[in-house]
Amino acid sequence: MNNVMINTIEKVGKALNESKIRWAIGGSVLLQANGFAVEPNDLDVIFEIRDAEEALEVFEAIGAKHASDPSYHYQSYSYTEMMVGAVEVDLMAGLKIIKDRTPYQYPFDETTPVDLRTIGDVTVPFMSLDDWLVLYFLMPGKTWKAKLIADQFKKTGATHPGRIDQLIGLMGIDAEKAEAIRDLLK
(Lines give C-alpha, C1' and ligand atoms only; values in the text may rest on other atoms or scores of the structure.)
Protein backbone atom coordinates (compact mmCIF):
# COMPACT_ATOMS: atom_id res chain seq x y z
CA MET A 1 0.00 0.00 0.00
CA ASN A 2 1.47 3.34 -0.96
CA ASN A 3 1.95 6.22 1.51
CA VAL A 4 -0.83 8.33 -0.04
CA MET A 5 -3.36 5.53 0.55
CA ILE A 6 -2.04 4.85 4.06
CA ASN A 7 -2.33 8.53 4.98
CA THR A 8 -5.85 8.66 3.55
CA ILE A 9 -6.91 5.57 5.51
CA GLU A 10 -5.53 7.14 8.69
CA LYS A 11 -7.39 10.40 8.05
CA VAL A 12 -10.64 8.60 7.21
CA GLY A 13 -10.24 6.24 10.16
CA LYS A 14 -9.69 9.02 12.69
CA ALA A 15 -12.72 10.97 11.48
CA LEU A 16 -15.05 7.96 11.38
CA ASN A 17 -13.88 6.47 14.67
CA GLU A 18 -14.47 9.81 16.42
CA SER A 19 -18.01 9.88 15.04
CA LYS A 20 -18.76 6.34 16.35
CA ILE A 21 -20.14 5.30 12.95
CA ARG A 22 -19.93 1.58 12.13
CA TRP A 23 -17.78 1.28 9.00
CA ALA A 24 -15.31 -0.97 7.26
CA ILE A 25 -12.97 -1.00 4.29
CA GLY A 26 -13.52 -3.38 1.40
CA GLY A 27 -12.62 -3.67 -2.28
CA SER A 28 -9.10 -3.67 -3.69
CA VAL A 29 -7.60 -2.05 -0.57
CA LEU A 30 -8.87 -5.05 1.40
CA LEU A 31 -7.30 -7.39 -1.16
CA GLN A 32 -3.99 -5.55 -1.09
CA ALA A 33 -3.98 -5.49 2.73
CA ASN A 34 -4.32 -9.29 2.59
CA GLY A 35 -1.31 -9.74 0.32
CA PHE A 36 -2.98 -9.85 -3.11
CA ALA A 37 -1.04 -8.22 -5.95
CA VAL A 38 -3.65 -5.64 -6.93
CA GLU A 39 -3.35 -1.88 -7.23
CA PRO A 40 -6.36 -0.06 -5.74
CA ASN A 41 -7.86 2.80 -7.75
CA ASP A 42 -9.90 4.04 -4.82
CA LEU A 43 -10.90 3.34 -1.23
CA ASP A 44 -14.23 1.57 -0.69
CA VAL A 45 -15.88 2.35 2.65
CA ILE A 46 -19.09 0.60 3.70
CA PHE A 47 -21.60 1.87 6.30
CA GLU A 48 -24.87 0.83 7.81
CA ILE A 49 -27.87 2.52 6.17
CA ARG A 50 -28.75 4.33 9.40
CA ASP A 51 -25.32 6.03 9.35
CA ALA A 52 -25.35 7.19 5.71
CA GLU A 53 -26.23 10.82 6.38
CA GLU A 54 -23.80 11.21 9.27
CA ALA A 55 -21.01 9.52 7.29
CA LEU A 56 -21.51 11.98 4.46
CA GLU A 57 -21.25 14.88 6.94
CA VAL A 58 -18.00 13.44 8.30
CA PHE A 59 -16.56 13.15 4.79
CA GLU A 60 -17.66 16.63 3.79
CA ALA A 61 -15.41 17.90 6.60
CA ILE A 62 -12.34 16.02 5.31
CA GLY A 63 -12.93 15.85 1.55
CA ALA A 64 -14.87 17.10 -1.43
CA LYS A 65 -17.63 15.47 -3.46
CA HIS A 66 -16.49 13.98 -6.72
CA ALA A 67 -18.86 13.68 -9.69
CA SER A 68 -19.91 10.14 -10.51
CA ASP A 69 -22.08 8.46 -13.09
CA PRO A 70 -24.88 6.23 -11.82
CA SER A 71 -24.64 2.55 -12.66
CA TYR A 72 -27.51 0.15 -13.24
CA HIS A 73 -25.46 -2.62 -11.59
CA TYR A 74 -25.14 -0.79 -8.25
CA GLN A 75 -28.28 0.56 -6.66
CA SER A 76 -27.20 1.18 -3.09
CA TYR A 77 -29.29 3.13 -0.63
CA SER A 78 -26.53 5.74 -0.58
CA TYR A 79 -23.49 6.01 -2.83
CA THR A 80 -21.19 9.03 -2.96
CA GLU A 81 -17.73 9.51 -4.40
CA MET A 82 -15.49 11.86 -2.44
CA MET A 83 -11.94 13.05 -2.90
CA VAL A 84 -9.88 12.94 0.27
CA GLY A 85 -6.59 14.46 -0.75
CA ALA A 86 -5.56 12.64 -3.93
CA VAL A 87 -7.62 9.49 -3.23
CA GLU A 88 -11.14 8.81 -4.45
CA VAL A 89 -13.21 7.37 -1.61
CA ASP A 90 -16.43 5.55 -2.48
CA LEU A 91 -18.97 5.73 0.35
CA MET A 92 -21.59 3.00 0.29
CA ALA A 93 -24.51 2.36 2.61
CA GLY A 94 -27.02 -0.34 1.83
CA LEU A 95 -24.82 -1.82 -0.90
CA LYS A 96 -27.04 -3.41 -3.55
CA ILE A 97 -25.70 -5.20 -6.61
CA ILE A 98 -27.85 -6.07 -9.62
CA LYS A 99 -26.87 -9.29 -11.39
CA ASP A 100 -29.00 -10.80 -14.15
CA ARG A 101 -31.74 -8.26 -13.34
CA THR A 102 -31.93 -9.49 -9.73
CA PRO A 103 -31.03 -7.18 -6.82
CA TYR A 104 -28.82 -8.54 -4.05
CA GLN A 105 -28.68 -6.45 -0.88
CA TYR A 106 -25.50 -6.80 1.18
CA PRO A 107 -26.37 -6.91 4.91
CA PHE A 108 -23.73 -4.75 6.58
CA ASP A 109 -24.62 -4.43 10.27
CA GLU A 110 -23.36 -5.24 13.76
CA THR A 111 -23.23 -8.97 12.93
CA THR A 112 -20.93 -8.50 9.93
CA PRO A 113 -17.47 -9.88 10.67
CA VAL A 114 -14.68 -7.32 10.49
CA ASP A 115 -10.97 -7.70 11.10
CA LEU A 116 -9.45 -4.84 13.09
CA ARG A 117 -5.98 -3.67 12.09
CA THR A 118 -3.82 -0.80 13.19
CA ILE A 119 -2.64 1.63 10.54
CA GLY A 120 -0.42 4.31 12.02
CA ASP A 121 -2.16 5.05 15.30
CA VAL A 122 -5.68 4.31 14.04
CA THR A 123 -7.74 1.16 14.46
CA VAL A 124 -9.24 0.32 11.08
CA PRO A 125 -11.98 -2.26 10.44
CA PHE A 126 -11.53 -4.31 7.29
CA MET A 127 -14.35 -6.40 5.87
CA SER A 128 -13.89 -10.14 5.50
CA LEU A 129 -12.49 -11.72 2.37
CA ASP A 130 -15.37 -14.20 2.58
CA ASP A 131 -17.87 -11.37 2.05
CA TRP A 132 -15.88 -9.93 -0.83
CA LEU A 133 -15.64 -13.29 -2.57
CA VAL A 134 -19.45 -13.23 -2.76
CA LEU A 135 -19.65 -9.52 -3.63
CA TYR A 136 -17.03 -9.77 -6.38
CA PHE A 137 -18.84 -12.79 -7.83
CA LEU A 138 -21.98 -10.67 -8.15
CA MET A 139 -20.27 -7.55 -9.52
CA PRO A 140 -19.96 -7.17 -13.28
CA GLY A 141 -16.41 -7.75 -14.50
CA LYS A 142 -15.06 -8.65 -11.04
CA THR A 143 -15.35 -12.45 -11.02
CA TRP A 144 -11.58 -12.67 -11.46
CA LYS A 145 -11.18 -11.06 -8.03
CA ALA A 146 -13.59 -13.62 -6.53
CA LYS A 147 -11.37 -16.32 -8.07
CA LEU A 148 -8.26 -14.77 -6.50
CA ILE A 149 -9.86 -15.00 -3.07
CA ALA A 150 -11.16 -18.52 -3.72
CA ASP A 151 -7.70 -19.69 -4.80
CA GLN A 152 -6.28 -18.33 -1.54
CA PHE A 153 -9.02 -20.04 0.47
CA LYS A 154 -8.18 -23.37 -1.21
CA LYS A 155 -4.73 -23.07 0.40
CA THR A 156 -5.59 -21.47 3.74
CA GLY A 157 -9.28 -22.03 4.34
CA ALA A 158 -11.89 -19.31 4.64
CA THR A 159 -11.22 -16.49 7.08
CA HIS A 160 -14.67 -16.93 8.66
CA PRO A 161 -15.78 -20.54 8.11
CA GLY A 162 -19.47 -20.79 7.23
CA ARG A 163 -19.75 -17.09 6.36
CA ILE A 164 -20.07 -17.62 2.60
CA ASP A 165 -23.06 -19.92 3.02
CA GLN A 166 -24.52 -17.56 5.63
CA LEU A 167 -24.17 -14.62 3.23
CA ILE A 168 -25.70 -16.60 0.35
CA GLY A 169 -28.75 -17.10 2.56
CA LEU A 170 -28.88 -13.55 3.91
CA MET A 171 -28.65 -12.07 0.41
CA GLY A 172 -31.18 -14.50 -1.07
CA ILE A 173 -28.78 -15.68 -3.75
CA ASP A 174 -30.50 -18.20 -6.02
CA ALA A 175 -29.38 -21.84 -6.15
CA GLU A 176 -27.60 -21.56 -9.51
CA LYS A 177 -25.44 -18.62 -8.41
CA ALA A 178 -24.88 -20.15 -4.98
CA GLU A 179 -23.56 -23.32 -6.61
CA ALA A 180 -21.28 -21.26 -8.89
CA ILE A 181 -19.89 -19.46 -5.84
CA ARG A 182 -19.26 -22.77 -4.06
CA ASP A 183 -17.66 -24.19 -7.22
CA LEU A 184 -15.01 -21.46 -7.04
CA LEU A 185 -13.83 -23.06 -3.81
CA LYS A 186 -13.44 -26.59 -5.24
# chains A, B, ... in the order shown; residues from 1 in each chain; ligands from 1

$ residues_around --residues "Gly13 of chain A" --least-positions-apart "5" --cutoff "9 Å" --atoms "only C-alpha atoms" --output "ChimeraX atom specification"
/A:8,18,119,122-125

$ residues_around --residues "segment 103-112 of chain A" --least-positions-apart "3" --cutoff "6 Å" --atoms "only C-alpha atoms" --output "MDAnalysis selection string"
chainID A and resid 48 95:98 171

$ residues_around --residues "segment 143-155 of chain A" --least-positions-apart "6" --cutoff "10 Å" --atoms "only C-alpha atoms" --output "number ranges by chain"
A: 27-28, 31, 34, 36-38, 129-137, 181-186

$ closest_residue --among "A:Asn17, A:Ala24, A:Met82, A:Glu10" --to "Leu56 of chain A" --atoms "only C-alpha atoms"
A:Met82

$ atom_distance --atom1 "atom CA of Phe47 of chain A" --atom2 "atom CA of Met5 of chain A"
19.5 Å

$ residues_around --residues "Tyr77 of chain A" --least-positions-apart "4" --cutoff "7 Å" --atoms "only C-alpha atoms" --output "PyMOL selection string"
chain A and resi 49+93-95
